[in-house]
Structure formats: structure tokens, C-alpha cells
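Shown next: run-v8.cif, given as mmCIF, C-alpha atoms.
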data_target
#
loop_
_atom_site.group_PDB
_atom_site.id
_atom_site.type_symbol
_atom_site.label_atom_id
_atom_site.label_comp_id
_atom_site.auth_asym_id
_atom_site.auth_seq_id
_atom_site.Cartn_x
_atom_site.Cartn_y
_atom_site.Cartn_z
ATOM 1 C CA MET G 1 105.185 212.957 129.532
ATOM 2 C CA GLU G 2 102.810 215.811 128.812
ATOM 3 C CA ALA G 3 99.107 214.966 128.978
ATOM 4 C CA GLU G 4 97.985 217.463 126.355
ATOM 5 C CA PHE G 5 99.756 219.610 123.825
ATOM 6 C CA VAL G 6 98.794 222.874 122.170
ATOM 7 C CA PRO G 7 99.302 223.001 118.402
ATOM 8 C CA GLY G 8 101.624 225.869 117.510
ATOM 9 C CA ASP G 9 103.915 225.340 120.492
ATOM 10 C CA PHE G 10 107.196 223.565 119.796
ATOM 11 C CA ILE G 11 109.694 221.249 121.391
ATOM 12 C CA LEU G 12 113.437 221.343 121.838
ATOM 13 C CA THR G 13 115.160 218.004 122.255
ATOM 14 C CA HIS G 14 118.509 216.653 123.292
ATOM 15 C CA ARG G 15 118.921 213.411 121.436
ATOM 16 C CA HIS G 16 121.513 210.728 121.945
ATOM 17 C CA ARG G 17 122.797 210.367 118.403
ATOM 18 C CA LEU G 18 126.111 211.199 116.769
ATOM 19 C CA PHE G 19 124.640 213.946 114.570
ATOM 20 C CA ALA G 20 122.897 215.534 117.577
ATOM 21 C CA ALA G 21 126.121 215.449 119.595
ATOM 22 C CA LEU G 22 127.963 217.206 116.758
ATOM 23 C CA ILE G 23 125.271 219.901 116.605
ATOM 24 C CA SER G 24 125.497 220.536 120.351
ATOM 25 C CA LEU G 25 129.300 220.577 120.213
ATOM 26 C CA ALA G 26 129.332 223.062 117.319
ATOM 27 C CA GLN G 27 126.738 225.290 119.008
ATOM 28 C CA ARG G 28 128.970 225.500 122.086
ATOM 29 C CA ARG G 29 131.525 227.346 119.956
ATOM 30 C CA ARG G 30 129.089 230.271 119.632
ATOM 31 C CA PHE G 31 127.108 229.968 122.847
ATOM 32 C CA ARG G 32 129.566 230.592 125.683
ATOM 33 C CA GLY G 33 129.387 231.687 129.285
ATOM 34 C CA PRO G 34 125.824 231.880 130.618
ATOM 35 C CA ASP G 35 124.470 231.174 127.106
ATOM 36 C CA ARG G 36 126.284 227.820 126.916
ATOM 37 C CA ARG G 37 123.269 226.042 128.435
ATOM 38 C CA PHE G 38 121.262 226.762 125.273
ATOM 39 C CA ALA G 39 123.685 224.681 123.165
ATOM 40 C CA HIS G 40 122.374 221.587 124.945
ATOM 41 C CA TRP G 41 119.378 221.448 122.573
ATOM 42 C CA SER G 42 120.090 219.773 119.233
ATOM 43 C CA HIS G 43 116.675 219.499 117.560
ATOM 44 C CA ALA G 44 113.362 221.357 117.285
ATOM 45 C CA ALA G 45 109.904 220.346 116.051
ATOM 46 C CA LEU G 46 106.517 222.049 115.844
ATOM 47 C CA ILE G 47 103.584 220.561 117.720
ATOM 48 C CA VAL G 48 100.668 220.194 115.289
ATOM 49 C CA GLY G 49 98.212 218.102 117.323
ATOM 50 C CA ALA G 50 96.830 218.028 120.869
ATOM 51 C CA ASP G 51 97.889 214.360 120.955
ATOM 52 C CA GLY G 52 101.557 215.313 120.515
ATOM 53 C CA ALA G 53 101.706 215.058 116.721
ATOM 54 C CA LEU G 54 104.770 216.873 115.365
ATOM 55 C CA VAL G 55 106.115 218.149 112.091
ATOM 56 C CA GLU G 56 109.902 218.061 111.983
ATOM 57 C CA ALA G 57 112.817 218.084 109.577
ATOM 58 C CA GLU G 58 114.787 214.852 109.871
ATOM 59 C CA THR G 59 117.689 213.659 107.739
ATOM 60 C CA MET G 60 115.244 211.888 105.419
ATOM 61 C CA GLY G 61 113.099 215.021 104.996
ATOM 62 C CA VAL G 62 110.195 216.820 106.623
ATOM 63 C CA ILE G 63 107.904 214.317 108.308
ATOM 64 C CA ARG G 64 104.849 214.125 110.507
ATOM 65 C CA GLY G 65 105.569 212.170 113.652
ATOM 66 C CA SER G 66 104.751 211.910 117.339
ATOM 67 C CA ILE G 67 106.341 213.256 120.471
ATOM 68 C CA ASN G 68 106.245 209.685 121.793
ATOM 69 C CA LYS G 69 109.446 208.930 119.885
ATOM 70 C CA TYR G 70 111.252 211.275 122.304
ATOM 71 C CA ARG G 71 110.134 209.493 125.481
ATOM 72 C CA ASP G 72 113.675 208.095 125.899
ATOM 73 C CA ASP G 73 115.299 211.440 125.095
ATOM 74 C CA GLU G 74 115.213 214.703 126.944
ATOM 75 C CA TYR G 75 112.772 217.258 125.539
ATOM 76 C CA HIS G 76 111.235 220.539 126.593
ATOM 77 C CA VAL G 77 107.891 221.901 125.427
ATOM 78 C CA VAL G 78 108.103 225.619 124.642
ATOM 79 C CA ARG G 79 104.658 226.999 125.412
ATOM 80 C CA LEU G 80 103.938 230.232 123.570
ATOM 81 C CA GLY G 81 100.950 231.181 125.706
ATOM 82 C CA SER G 82 97.712 232.959 124.995
ATOM 83 C CA ASP G 83 99.306 235.877 123.140
ATOM 84 C CA PHE G 84 99.941 233.405 120.317
ATOM 85 C CA THR G 85 96.281 233.357 119.318
ATOM 86 C CA SER G 86 94.374 230.450 117.810
ATOM 87 C CA ASP G 87 94.541 232.115 114.375
ATOM 88 C CA CYS G 88 98.314 232.541 114.707
ATOM 89 C CA ARG G 89 98.677 228.943 115.834
ATOM 90 C CA ALA G 90 96.529 227.702 112.946
ATOM 91 C CA ALA G 91 98.737 229.607 110.466
ATOM 92 C CA ALA G 92 101.912 228.130 112.002
ATOM 93 C CA VAL G 93 100.512 224.593 111.946
ATOM 94 C CA ALA G 94 99.202 224.962 108.382
ATOM 95 C CA TYR G 95 102.625 226.087 107.188
ATOM 96 C CA ALA G 96 104.388 223.191 108.928
ATOM 97 C CA GLU G 97 101.895 220.660 107.576
ATOM 98 C CA SER G 98 102.388 222.064 104.064
ATOM 99 C CA GLN G 99 106.101 221.274 104.294
ATOM 100 C CA VAL G 100 105.667 217.547 104.984
ATOM 101 C CA GLY G 101 107.453 215.660 102.217
ATOM 102 C CA GLN G 102 110.045 218.366 101.540
ATOM 103 C CA ALA G 103 113.708 217.374 101.557
ATOM 104 C CA PHE G 104 116.193 217.853 104.380
ATOM 105 C CA GLY G 105 118.435 220.905 104.038
ATOM 106 C CA TYR G 106 121.898 219.385 103.904
ATOM 107 C CA LEU G 107 123.334 222.555 102.332
ATOM 108 C CA ASP G 108 121.610 224.617 105.045
ATOM 109 C CA MET G 109 123.320 222.418 107.623
ATOM 110 C CA VAL G 110 126.743 222.906 105.999
ATOM 111 C CA GLY G 111 126.191 226.671 105.961
ATOM 112 C CA ALA G 112 125.170 226.617 109.634
ATOM 113 C CA ALA G 113 128.218 224.521 110.521
ATOM 114 C CA LEU G 114 130.571 226.921 108.762
ATOM 115 C CA HIS G 115 128.889 229.805 110.565
ATOM 116 C CA LEU G 116 129.412 228.097 113.921
ATOM 117 C CA LEU G 117 132.967 227.009 113.237
ATOM 118 C CA PHE G 118 134.331 230.085 111.466
ATOM 119 C CA GLY G 119 131.749 232.842 111.915
ATOM 120 C CA TRP G 120 130.954 232.939 108.196
ATOM 121 C CA PRO G 121 127.210 233.666 107.808
ATOM 122 C CA LEU G 122 126.708 231.538 104.690
ATOM 123 C CA ARG G 123 123.197 230.939 103.429
ATOM 124 C CA TRP G 124 123.509 227.831 101.319
ATOM 125 C CA VAL G 125 119.812 227.234 101.019
ATOM 126 C CA ARG G 126 117.865 225.208 98.491
ATOM 127 C CA ARG G 127 114.212 225.870 97.886
ATOM 128 C CA ASN G 128 111.957 223.287 99.551
ATOM 129 C CA HIS G 129 114.745 221.954 101.772
ATOM 130 C CA GLU G 130 114.558 222.410 105.553
ATOM 131 C CA ILE G 131 116.538 221.903 108.721
ATOM 132 C CA CYS G 132 114.645 221.483 111.978
ATOM 133 C CA SER G 133 115.103 224.949 113.435
ATOM 134 C CA SER G 134 114.429 226.831 110.184
ATOM 135 C CA LEU G 135 111.182 224.862 109.789
ATOM 136 C CA VAL G 136 110.061 225.914 113.282
ATOM 137 C CA VAL G 137 111.075 229.546 112.704
ATOM 138 C CA LYS G 138 109.263 229.745 109.363
ATOM 139 C CA ALA G 139 106.136 228.195 110.880
ATOM 140 C CA LEU G 140 106.167 230.663 113.768
ATOM 141 C CA GLN G 141 106.763 233.525 111.338
ATOM 142 C CA HIS G 142 103.643 232.465 109.456
ATOM 143 C CA GLY G 143 101.892 232.858 112.804
ATOM 144 C CA GLY G 144 103.353 236.328 113.325
ATOM 145 C CA ARG G 145 106.229 235.479 115.712
ATOM 146 C CA LEU G 146 110.019 235.722 115.339
ATOM 147 C CA ARG G 147 109.823 238.201 112.445
ATOM 148 C CA ASP G 148 113.420 239.333 113.042
ATOM 149 C CA PHE G 149 114.873 235.809 112.875
ATOM 150 C CA ASP G 150 116.760 234.612 109.788
ATOM 151 C CA PRO G 151 115.508 231.009 109.396
ATOM 152 C CA PRO G 152 118.594 229.482 107.689
ATOM 153 C CA MET G 153 120.859 230.998 110.343
ATOM 154 C CA THR G 154 118.728 229.938 113.332
ATOM 155 C CA LEU G 155 119.745 226.883 115.342
ATOM 156 C CA PRO G 156 118.018 225.034 118.178
ATOM 157 C CA ALA G 157 120.198 226.965 120.645
ATOM 158 C CA ASP G 158 118.911 230.258 119.189
ATOM 159 C CA LEU G 159 115.333 229.116 119.791
ATOM 160 C CA ALA G 160 116.197 228.029 123.328
ATOM 161 C CA LYS G 161 117.774 231.399 124.066
ATOM 162 C CA ALA G 162 114.873 233.343 122.562
ATOM 163 C CA PHE G 163 112.349 231.525 124.738
ATOM 164 C CA GLU G 164 114.580 230.859 127.781
#
Give the structure from this file in C-alpha cells form.
Amino acid sequence: MEAEFVPGDFILTHRHRLFAALISLAQRRRFRGPDRRFAHWSHAALIVGADGALVEAETMGVIRGSINKYRDDEYHVVRLGSDFTSDCRAAAVAYAESQVGQAFGYLDMVGAALHLLFGWPLRWVRRNHEICSSLVVKALQHGGRLRDFDPPMTLPADLAKAFE
């Protein structure tokens, strides 16, 4: 368990749930060879507090939670370092916090699944609906990172690959 967290960093998790297993399985269709290891990660969340507070998109919507709920799951903290300045971090955290209470992006998830299964880049996106990885990407974009990423088409494996 990490002793201290830096708001603006994020986590990737490998959870032991049916939905998470399906995400990892589907990601393995696109991430092959040496990239296959990135498909292991099935969820992402933005760290918003030094105590491990998170903002994440869950099936019931965007919530504020704690990293403590992942103590029985595997997770990795992606540390963005000092080049992600305090102003950039504050912008990322503010965006994520502003999304708490929004709905989960079920249509986004269907579009991502069809992209993984058939290669069709469908953007079935509803305003104010989020999936975990698009929430993290949008937050980081508000902080000036990942400008070339397309949030609805980004999956946890894409984030893992981008940050090794």
C-alpha cells in the first residue's frame, strides 16, 4: 500500500470481477505480442487526494472513492512526475471532481467493445456519461497531457501502454 499519493496521478487496476475479466479478454484481441501485457489492466481512476481519494467511473456512475477498496486487487500507481506541474494537476483534479455524479457510459462501453471485437471505431457517446478510461484521459487533457488521445476510444490498456 502506498503511503502517500499525488493528486493528478492515476491508477490502473486488475479487478476480480466478471465485467473486468471481459474487458481484459476483449483488450487482448487488440493488444497482441509484446503489447499483450497491457491488456491485463481493466480499470483506471484518477487520484484526487494525498490520502488516496479517487474519482472513477463505475457502473453506477462517476463516484468519489478511496484506493483502499483496491487493497485486495492488484493496482499500479502511474506517477506523472514533476513535469506535470501543480497547476496541471489541479486542473486535472478539478475536472474529475466536477464529473462526480455523472452517469456511467454504457453506450461508450458498447462502442469500445465493438471496436475491440470487430475493429469498428464507433463513438456511441452520450453527454455527461463516462467510462473509467475516458474520465482519466479527459482529466489529464484538462491538465495538458494526452492531447492526441481520443477519450471514448481509449481503454485501460491504452493508458498502460502510453505510460509503460
Mind checking which residues fall within 12 Å of Ser86 (chain G), counting all atoms listed in the file, ignoring those fewer than 4 positions away in the same chain, and posting them as a PyMOL selection string?
chain G and resi 6-9+80-82+90-94+143-144
Box for region 95-103 of chain G - axis-aligned, 8 Å on each of the six sides, all listed atoms - centre and size in Å to one decimal, as lines of an AutoDock Vina configuration file.
center_x = 107.8
center_y = 220.9
center_z = 105.2
size_x = 27.8
size_y = 26.4
size_z = 23.4
Hey, can you pull every residue with an atom no more than 12 Å from (113.4, 226.5, 110.6), using only C-alpha atoms, and send it as number ranges by chain?
G: 10, 43-46, 55-58, 62, 92, 95-96, 99, 104-105, 108-109, 112, 125, 128-142, 146, 149-156, 158-159
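Taking CA of Ala39 (chain G) and CA of Glu164 (chain G) as endpoints, the distance between them is 11.9 Å.
The two atoms in question, CA of Ala157 (chain G) and CA of Phe38 (chain G), are spaced 4.8 Å apart.
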A straight line from CA of Phe31 (chain G) to CA of Tyr70 (chain G) spans 24.5 Å
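If you measure from each of G:Arg37, G:Asp83, G:Gln27, G:Glu4 to Ala50 (chain G) using all atoms listed in the file, the closest one turns out to be G:Glu4.
Here the question is which of G:Ile47, G:Lys161, G:Asp35, G:Ile23 gets nearest to Val77 (chain G) using all atoms listed in the file, and that residue is G:Ile47.
Closest approach to His14 (chain G) among G:Ser66, G:Ser42, G:Thr59, G:Gln102 is made by G:Ser42 (distances from only C-alpha atoms).
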Using all atoms listed in the file, which of the listed residues (G:Ala53, G:Arg32, G:His16, G:Arg147) sits closest to Asp72 (chain G)?
G:His16
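With all atoms listed in the file as the atoms that count, the residue of G:Pro34, G:His76, G:Met60, G:Arg145 with the shortest distance to Arg89 (chain G) is G:Arg145.
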